[in-house]
file final-v8.txt (compact mmCIF, C-alpha atoms and all ligand atoms)
# COMPACT_ATOMS: atom_id res chain seq x y z
CA MET A 1 -19.78 -44.22 4.50
CA THR A 2 -23.12 -43.68 2.75
CA LEU A 3 -25.71 -46.30 3.63
CA ASP A 4 -28.92 -46.54 1.66
CA TYR A 5 -31.50 -48.59 3.51
CA GLN A 6 -34.18 -47.85 0.91
CA PRO A 7 -34.53 -51.23 -0.82
CA GLN A 8 -34.94 -51.08 -4.60
CA ARG A 9 -36.64 -53.71 -6.75
CA ILE A 10 -34.02 -56.01 -8.24
CA ASP A 11 -33.56 -55.75 -11.99
CA ILE A 12 -31.45 -57.41 -14.63
CA THR A 13 -28.57 -54.92 -14.16
CA HIS A 14 -28.10 -56.06 -10.53
CA LEU A 15 -27.77 -59.77 -11.18
CA GLU A 16 -23.98 -60.09 -11.61
CA ALA A 17 -23.34 -58.16 -8.38
CA VAL A 18 -25.97 -60.16 -6.52
CA ALA A 19 -24.41 -63.41 -7.77
CA GLY A 20 -21.09 -62.13 -6.36
CA LEU A 21 -22.78 -61.52 -3.01
CA GLU A 22 -24.29 -65.02 -3.12
CA ALA A 23 -20.82 -66.51 -3.74
CA LEU A 24 -19.44 -64.61 -0.72
CA CYS A 25 -22.23 -65.78 1.58
CA PHE A 26 -23.22 -69.34 0.61
CA SER A 27 -21.50 -72.67 -0.15
CA GLU A 28 -24.01 -73.36 -2.96
CA PRO A 29 -24.66 -69.91 -4.42
CA TRP A 30 -27.30 -68.95 -6.98
CA SER A 31 -25.80 -67.93 -10.33
CA ALA A 32 -26.74 -64.71 -12.16
CA GLU A 33 -28.72 -66.90 -14.59
CA ALA A 34 -30.70 -68.54 -11.76
CA LEU A 35 -31.28 -65.13 -10.10
CA LYS A 36 -33.11 -63.94 -13.25
CA LEU A 37 -36.15 -65.68 -11.72
CA LEU A 38 -36.40 -62.79 -9.25
CA THR A 39 -37.03 -60.36 -12.11
CA THR A 40 -40.05 -62.32 -13.42
CA PRO A 41 -43.72 -62.10 -12.37
CA ASP A 42 -43.26 -65.36 -10.39
CA ALA A 43 -41.07 -63.70 -7.79
CA VAL A 44 -39.74 -60.47 -6.33
CA GLY A 45 -36.37 -59.29 -5.09
CA TYR A 46 -34.86 -56.21 -3.47
CA VAL A 47 -31.33 -54.81 -3.23
CA CYS A 48 -29.81 -52.22 -0.86
CA PHE A 49 -26.75 -50.13 -1.64
CA SER A 50 -23.79 -48.92 0.43
CA ASN A 51 -21.34 -46.49 -1.21
CA GLY A 52 -22.96 -47.21 -4.57
CA LYS A 53 -22.43 -50.97 -4.34
CA ILE A 54 -24.97 -53.68 -3.60
CA ALA A 55 -24.59 -54.51 0.11
CA ALA A 56 -27.66 -56.70 0.59
CA TYR A 57 -30.38 -58.49 -1.29
CA GLY A 58 -33.35 -60.74 -0.71
CA GLY A 59 -35.69 -62.76 -2.89
CA MET A 60 -39.16 -64.29 -2.58
CA LEU A 61 -41.11 -66.66 -4.83
CA TYR A 62 -44.86 -66.36 -5.17
CA ALA A 63 -46.81 -69.55 -4.46
CA PRO A 64 -50.59 -69.73 -4.09
CA PHE A 65 -51.41 -67.89 -0.81
CA GLU A 66 -47.74 -67.87 0.26
CA GLY A 67 -44.46 -66.06 -0.28
CA GLN A 68 -41.37 -68.29 -0.11
CA ILE A 69 -38.18 -66.44 0.78
CA THR A 70 -35.33 -67.85 -1.30
CA ASN A 71 -32.41 -66.09 0.40
CA ILE A 72 -31.38 -62.94 2.19
CA ALA A 73 -27.70 -62.04 2.11
CA VAL A 74 -25.72 -59.08 3.44
CA HIS A 75 -22.09 -58.42 2.49
CA PRO A 76 -19.86 -59.55 5.41
CA LYS A 77 -18.56 -55.98 5.84
CA ALA A 78 -22.07 -54.51 5.98
CA ARG A 79 -23.61 -56.80 8.62
CA ARG A 80 -25.24 -55.64 11.87
CA GLN A 81 -26.20 -52.30 10.32
CA GLY A 82 -29.84 -53.02 9.58
CA PHE A 83 -29.60 -54.07 5.92
CA GLY A 84 -30.96 -57.57 6.57
CA ARG A 85 -33.95 -56.11 8.39
CA ALA A 86 -34.53 -53.53 5.60
CA VAL A 87 -34.60 -56.22 2.89
CA LEU A 88 -36.79 -58.55 4.95
CA ASN A 89 -39.26 -55.73 5.70
CA ALA A 90 -39.47 -54.94 1.97
CA LEU A 91 -40.32 -58.58 1.22
CA ILE A 92 -42.95 -58.64 4.00
CA ARG A 93 -44.53 -55.40 2.70
CA ASN A 94 -44.62 -56.84 -0.80
CA ALA A 95 -46.31 -60.04 0.43
CA GLN A 96 -48.93 -57.93 2.25
CA GLU A 97 -49.55 -55.84 -0.88
CA CYS A 98 -50.01 -59.08 -2.86
CA ASP A 99 -52.56 -60.24 -0.28
CA LEU A 100 -50.59 -63.39 0.56
CA GLU A 101 -51.58 -65.22 3.74
CA GLN A 102 -48.14 -66.18 5.01
CA ILE A 103 -44.42 -66.17 4.31
CA ALA A 104 -42.32 -69.34 4.57
CA LEU A 105 -38.59 -69.99 4.50
CA GLU A 106 -35.94 -72.54 5.34
CA VAL A 107 -32.85 -71.70 7.35
CA ARG A 108 -29.87 -73.73 8.54
CA ALA A 109 -30.53 -74.87 12.11
CA SER A 110 -27.17 -73.41 13.25
CA ASN A 111 -27.69 -69.99 11.59
CA ALA A 112 -28.31 -67.97 14.76
CA ALA A 113 -27.98 -64.59 13.01
CA ALA A 114 -30.66 -65.37 10.41
CA ILE A 115 -32.95 -67.08 12.93
CA GLY A 116 -32.64 -63.97 15.15
CA LEU A 117 -33.47 -61.71 12.21
CA TYR A 118 -36.57 -63.75 11.29
CA GLU A 119 -37.82 -64.16 14.87
CA LYS A 120 -37.60 -60.40 15.43
CA ALA A 121 -39.78 -59.93 12.34
CA GLY A 122 -42.46 -62.29 13.72
CA PHE A 123 -41.50 -65.63 12.15
CA PHE A 124 -41.82 -68.79 14.26
CA VAL A 125 -40.31 -72.26 13.83
CA ALA A 126 -43.00 -74.49 12.29
CA GLY A 127 -40.95 -77.63 11.58
CA LYS A 128 -37.67 -79.18 10.58
CA ARG A 129 -36.42 -80.80 7.34
CA LYS A 130 -33.81 -83.47 8.11
CA ASN A 131 -30.55 -83.13 6.16
CA PHE A 132 -32.08 -80.50 3.88
CA TYR A 133 -28.75 -78.78 3.24
CA LYS A 134 -25.52 -80.10 1.73
CA ASN A 135 -21.98 -78.78 1.95
CA PRO A 136 -22.07 -79.11 4.95
CA ALA A 137 -25.05 -81.42 5.61
CA GLU A 138 -27.47 -79.86 8.06
CA ASP A 139 -31.13 -79.81 9.01
CA ALA A 140 -33.32 -76.88 7.95
CA LEU A 141 -35.76 -75.16 10.24
CA VAL A 142 -38.98 -74.21 8.46
CA MET A 143 -40.09 -70.78 9.64
CA LEU A 144 -43.44 -69.12 8.97
CA LYS A 145 -44.92 -65.69 9.42
CA SER A 146 -48.68 -65.33 9.25
CA LEU A 147 -49.86 -62.14 7.56
CA LYS A 148 -53.51 -62.62 8.50
CA GLU A 149 -53.26 -60.74 11.81
CA ASP A 150 -51.69 -57.80 9.92
CA LYS A 151 -54.79 -57.36 7.73
C1 LIG A 201 -28.48 -63.17 8.51
C2 LIG A 201 -28.08 -61.84 7.87
C3 LIG A 201 -28.89 -61.66 6.58
C4 LIG A 201 -28.45 -60.70 8.85
O1 LIG A 201 -28.24 -59.45 8.19
P1 LIG A 201 -27.76 -58.13 8.98
O2 LIG A 201 -27.87 -57.00 8.05
O3 LIG A 201 -26.44 -58.38 9.62
O4 LIG A 201 -28.87 -58.04 10.13
P2 LIG A 201 -29.46 -56.70 10.79
O5 LIG A 201 -28.33 -55.76 11.11
O6 LIG A 201 -30.55 -56.16 9.95
O7 LIG A 201 -30.03 -57.27 12.16
C5 LIG A 201 -31.42 -57.54 12.36
C6 LIG A 201 -31.58 -58.54 13.49
O8 LIG A 201 -31.04 -59.81 13.09
C7 LIG A 201 -30.46 -60.47 14.23
N1 LIG A 201 -29.04 -60.68 14.00
C8 LIG A 201 -28.31 -60.22 12.96
N2 LIG A 201 -27.04 -60.65 13.06
C9 LIG A 201 -26.97 -61.41 14.18
C10 LIG A 201 -25.93 -62.12 14.82
N3 LIG A 201 -24.69 -62.17 14.29
N4 LIG A 201 -26.23 -62.81 15.94
C11 LIG A 201 -27.45 -62.80 16.45
N5 LIG A 201 -28.50 -62.11 15.92
C12 LIG A 201 -28.24 -61.43 14.80
C13 LIG A 201 -30.70 -59.55 15.42
O9 LIG A 201 -31.94 -59.92 16.00
C14 LIG A 201 -30.80 -58.18 14.75
O10 LIG A 201 -31.53 -57.27 15.49
P3 LIG A 201 -30.74 -56.26 16.50
O11 LIG A 201 -29.66 -55.60 15.70
O12 LIG A 201 -31.81 -55.31 16.93
O13 LIG A 201 -30.18 -57.13 17.58
C15 LIG A 201 -26.54 -61.77 7.60
O14 LIG A 201 -25.86 -62.17 8.78
C16 LIG A 201 -26.07 -62.64 6.45
O15 LIG A 201 -26.07 -62.22 5.29
N6 LIG A 201 -25.64 -63.89 6.74
C17 LIG A 201 -25.10 -64.79 5.71
C18 LIG A 201 -26.19 -65.23 4.74
C19 LIG A 201 -27.33 -65.93 5.46
O16 LIG A 201 -27.11 -66.76 6.32
N7 LIG A 201 -28.57 -65.58 5.05
C20 LIG A 201 -29.77 -66.18 5.57
C21 LIG A 201 -30.16 -67.36 4.74
S1 LIG A 201 -31.68 -68.10 5.29

call {"tool": "encode", "arguments": {"input": "final-v8.txt", "output": "structure tokens"}}
result
Amino acid sequence: MTLDYQPQRIDITHLEAVAGLEALCFSEPWSAEALKLLTTPDAVGYVCFSNGKIAAYGGMLYAPFEGQITNIAVHPKARRQGFGRAVLNALIRNAQECDLEQIALEVRASNAAAIGLYEKAGFFVAGKRKNFYKNPAEDALVMLKSLKEDK
């Protein structure tokens, strides 16, 4: 198997495949149309390939002073091989290059895999949003990573 951990910037040609990945991973997936946002100046996204197919992706919106991670998803067959970390590191590097002060995200409170990924990258739990998610209903943890100490 050929793994390519080098994340590439997402572009319009990736959107159908990324929407397929979203549908595999989430109960309320982003459509290809909605994912177009990640190809605009308001946001950034990265994809990683395995055997020529998109195995992972992540997106981040730019807000004043802050990057807001929209989602990170790894194909179920490609998990625990470092793709999630590769995509997250690309988003963090991009936020540093854009001189943002912090990165924020929401994650399902029961999502131990994602919480583990984010904690290892230096995110901490800053709060909770009650019943933030639907299908199934669940609280979100708000996680933050400060980029100030990295400067
Ligand atoms: C969460 C997710 C992105 C992790 O991607 P991944 O490629 O499997 O993760 P990596 O192999 O890069 O692992 C990086 C770290 O994440 C944590 N992690 C990943 N999977 C984990 C699991 N099943 N249980 C506990 N920790 C886990 C570990 O800390 C791991 O570091 P380690 O391998 O040194 O122990 C992946 O499981 C996924 O796509 N889940 C479904 C979609 C989702 O929930 N996305 C997050 C939305 S906020």

call {"tool": "residues_near_ligand", "arguments": {"input": "final-v8.txt", "ligand": "ligand LIG 201 (chain A)", "cutoff": "6 Å", "atoms": "all atoms listed in the file", "output": "PyMOL selection string"}}
result
chain A and resi 25+71-74+79-85+107+112-114+116-117+120

call {"tool": "write_last_selection", "arguments": {"input": "final-v8.txt", "atoms": "C-alpha atoms", "output": "short mmCIF file (atom, residue, chain, number, x, y, z; two decimals), in the frame of the given file"}}
result
data_model
loop_
_atom_site.label_atom_id
_atom_site.label_comp_id
_atom_site.auth_asym_id
_atom_site.auth_seq_id
_atom_site.Cartn_x
_atom_site.Cartn_y
_atom_site.Cartn_z
CA CYS A 25 -22.23 -65.78 1.58
CA ASN A 71 -32.41 -66.09 0.40
CA ILE A 72 -31.38 -62.94 2.19
CA ALA A 73 -27.70 -62.04 2.11
CA VAL A 74 -25.72 -59.08 3.44
CA ARG A 79 -23.61 -56.80 8.62
CA ARG A 80 -25.24 -55.64 11.87
CA GLN A 81 -26.20 -52.30 10.32
CA GLY A 82 -29.84 -53.02 9.58
CA PHE A 83 -29.60 -54.07 5.92
CA GLY A 84 -30.96 -57.57 6.57
CA ARG A 85 -33.95 -56.11 8.39
CA VAL A 107 -32.85 -71.70 7.35
CA ALA A 112 -28.31 -67.97 14.76
CA ALA A 113 -27.98 -64.59 13.01
CA ALA A 114 -30.66 -65.37 10.41
CA GLY A 116 -32.64 -63.97 15.15
CA LEU A 117 -33.47 -61.71 12.21
CA LYS A 120 -37.60 -60.40 15.43
#

call {"tool": "residues_around", "arguments": {"input": "final-v8.txt", "residues": "Thr39 (chain A)", "least_positions_apart": "6", "cutoff": "8 Å", "atoms": "all atoms listed in the file", "output": "PyMOL selection string"}}
result
chain A and resi 10-12+45

call {"tool": "write_last_selection", "arguments": {"input": "final-v8.txt", "atoms": "C-alpha atoms", "output": "PDB file, in the frame of the given file"}}
result
ATOM      1  CA  ILE A  10     -34.020 -56.010  -8.240  1.00  0.00           C
ATOM      2  CA  ASP A  11     -33.560 -55.750 -11.990  1.00  0.00           C
ATOM      3  CA  ILE A  12     -31.450 -57.410 -14.630  1.00  0.00           C
ATOM      4  CA  GLY A  45     -36.370 -59.290  -5.090  1.00  0.00           C
TER       5      GLY A  45
END

call {"tool": "residues_near_point", "arguments": {"input": "final-v8.txt", "point": "(-33.0, -76.1, 12.1)", "cutoff": "9 Å", "atoms": "only C-alpha atoms", "output": "list in words"}}
result
Glu106, Val107, Arg108, Ala109, Ser110, Asn111, Val125, Gly127, Lys128, Arg129, Lys130, Glu138, Asp139, Ala140, Leu141 and Val142 of chain A

call {"tool": "residues_near_point", "arguments": {"input": "final-v8.txt", "point": "(-46.3, -70.1, 0.9)", "cutoff": "9 Å", "atoms": "all atoms listed in the file", "output": "MDAnalysis selection string"}}
result
chainID A and resid 61:69 100:105 144

call {"tool": "closest_residue", "arguments": {"input": "final-v8.txt", "among": "A:Ser146, A:Leu37, A:Asp4, A:Glu28", "to": "Asn51 (chain A)", "atoms": "all atoms listed in the file"}}
result
A:Asp4

call {"tool": "atom_distance", "arguments": {"input": "final-v8.txt", "atom1": "CA of Ile54 (chain A)", "atom2": "CA of Leu15 (chain A)"}}
result
10.1 Å

call {"tool": "closest_residue", "arguments": {"input": "final-v8.txt", "among": "A:Ala137, A:Leu147, A:Ile92, A:Ala17", "to": "Ala32 (chain A)", "atoms": "only C-alpha atoms"}}
result
A:Ala17

call {"tool": "closest_residue", "arguments": {"input": "final-v8.txt", "among": "A:Ala55, A:Asp99, A:Ala126, A:Asn131", "to": "Lys148 (chain A)", "atoms": "all atoms listed in the file"}}
result
A:Asp99

call {"tool": "atom_distance", "arguments": {"input": "final-v8.txt", "atom1": "CA of Ala121 (chain A)", "atom2": "CA of Lys77 (chain A)"}}
result
22.5 Å

call {"tool": "atom_distance", "arguments": {"input": "final-v8.txt", "atom1": "CA of Glu97 (chain A)", "atom2": "CA of Ala19 (chain A)"}}
result
27.1 Å

call {"tool": "closest_residue", "arguments": {"input": "final-v8.txt", "among": "A:Ala43, A:Val18, A:Ala78, A:Ala86", "to": "Ser31 (chain A)", "atoms": "only C-alpha atoms"}}
result
A:Val18

call {"tool": "build_atoms", "arguments": {"input": "final-v8.txt", "residues": "region 62-73 of chain A", "atoms": "all heavy atoms", "output": "tab-separated table (two decimals), in the frame of the given file"}}
result
chain	number	residue	atom	x	y	z
A	62	TYR	N	-43.43	-66.36	-5.44
A	62	TYR	CA	-44.86	-66.36	-5.17
A	62	TYR	C	-45.42	-67.76	-5.38
A	62	TYR	O	-45.27	-68.34	-6.45
A	62	TYR	CB	-45.59	-65.41	-6.12
A	62	TYR	CG	-45.20	-63.94	-5.97
A	62	TYR	CD1	-44.88	-63.19	-7.09
A	62	TYR	CD2	-45.18	-63.32	-4.73
A	62	TYR	CE1	-44.54	-61.84	-6.98
A	62	TYR	CE2	-44.84	-61.98	-4.61
A	62	TYR	CZ	-44.52	-61.25	-5.73
A	62	TYR	OH	-44.20	-59.93	-5.62
A	63	ALA	N	-46.06	-68.30	-4.34
A	63	ALA	CA	-46.81	-69.55	-4.46
A	63	ALA	C	-48.25	-69.19	-4.12
A	63	ALA	O	-48.50	-68.11	-3.59
A	63	ALA	CB	-46.27	-70.57	-3.48
A	64	PRO	N	-49.22	-70.07	-4.44
A	64	PRO	CA	-50.59	-69.73	-4.09
A	64	PRO	C	-50.68	-69.44	-2.58
A	64	PRO	O	-50.24	-70.27	-1.78
A	64	PRO	CB	-51.38	-70.98	-4.46
A	64	PRO	CG	-50.55	-71.67	-5.48
A	64	PRO	CD	-49.12	-71.35	-5.14
A	65	PHE	N	-51.18	-68.31	-2.21
A	65	PHE	CA	-51.41	-67.89	-0.81
A	65	PHE	C	-50.13	-67.61	-0.01
A	65	PHE	O	-50.21	-67.20	1.13
A	65	PHE	CB	-52.24	-68.94	-0.02
A	65	PHE	CG	-53.47	-69.38	-0.74
A	65	PHE	CD1	-53.59	-70.68	-1.21
A	65	PHE	CD2	-54.50	-68.47	-0.98
A	65	PHE	CE1	-54.72	-71.07	-1.90
A	65	PHE	CE2	-55.64	-68.86	-1.65
A	65	PHE	CZ	-55.75	-70.16	-2.13
A	66	GLU	N	-48.94	-67.89	-0.58
A	66	GLU	CA	-47.74	-67.87	0.26
A	66	GLU	C	-46.55	-67.24	-0.48
A	66	GLU	O	-46.36	-67.49	-1.67
A	66	GLU	CB	-47.41	-69.33	0.61
A	66	GLU	CG	-46.21	-69.51	1.48
A	66	GLU	CD	-45.96	-70.98	1.82
A	66	GLU	OE1	-46.58	-71.47	2.77
A	66	GLU	OE2	-45.14	-71.61	1.11
A	67	GLY	N	-45.76	-66.48	0.24
A	67	GLY	CA	-44.46	-66.06	-0.28
A	67	GLY	C	-43.40	-66.99	0.27
A	67	GLY	O	-43.45	-67.33	1.45
A	68	GLN	N	-42.44	-67.39	-0.57
A	68	GLN	CA	-41.37	-68.29	-0.11
A	68	GLN	C	-40.05	-67.55	-0.27
A	68	GLN	O	-39.59	-67.31	-1.40
A	68	GLN	CB	-41.38	-69.58	-0.91
A	68	GLN	CG	-42.68	-70.35	-0.69
A	68	GLN	CD	-42.83	-71.55	-1.61
A	68	GLN	OE1	-42.11	-71.70	-2.59
A	68	GLN	NE2	-43.80	-72.40	-1.28
A	69	ILE	N	-39.45	-67.18	0.85
A	69	ILE	CA	-38.18	-66.44	0.78
A	69	ILE	C	-37.09	-67.40	0.31
A	69	ILE	O	-36.92	-68.50	0.85
A	69	ILE	CB	-37.85	-65.81	2.15
A	69	ILE	CG1	-38.85	-64.69	2.43
A	69	ILE	CG2	-36.42	-65.28	2.17
A	69	ILE	CD1	-38.64	-63.91	3.69
A	70	THR	N	-36.38	-66.99	-0.74
A	70	THR	CA	-35.33	-67.85	-1.30
A	70	THR	C	-34.03	-67.65	-0.52
A	70	THR	O	-33.42	-68.62	-0.08
A	70	THR	CB	-35.10	-67.50	-2.78
A	70	THR	OG1	-34.83	-66.09	-2.89
A	70	THR	CG2	-36.31	-67.87	-3.62
A	71	ASN	N	-33.64	-66.42	-0.31
A	71	ASN	CA	-32.41	-66.09	0.40
A	71	ASN	C	-32.43	-64.63	0.79
A	71	ASN	O	-33.03	-63.80	0.09
A	71	ASN	CB	-31.19	-66.30	-0.51
A	71	ASN	CG	-30.44	-67.58	-0.19
A	71	ASN	OD1	-30.59	-68.15	0.90
A	71	ASN	ND2	-29.63	-68.03	-1.11
A	72	ILE	N	-31.73	-64.33	1.86
A	72	ILE	CA	-31.38	-62.94	2.19
A	72	ILE	C	-29.88	-62.97	2.45
A	72	ILE	O	-29.40	-63.87	3.15
A	72	ILE	CB	-32.14	-62.43	3.42
A	72	ILE	CG1	-33.64	-62.32	3.10
A	72	ILE	CG2	-31.59	-61.09	3.89
A	72	ILE	CD1	-34.49	-61.78	4.22
A	73	ALA	N	-29.15	-62.05	1.89
A	73	ALA	CA	-27.70	-62.04	2.11
A	73	ALA	C	-27.21	-60.60	2.24
A	73	ALA	O	-27.63	-59.72	1.49
A	73	ALA	CB	-26.97	-62.72	0.95
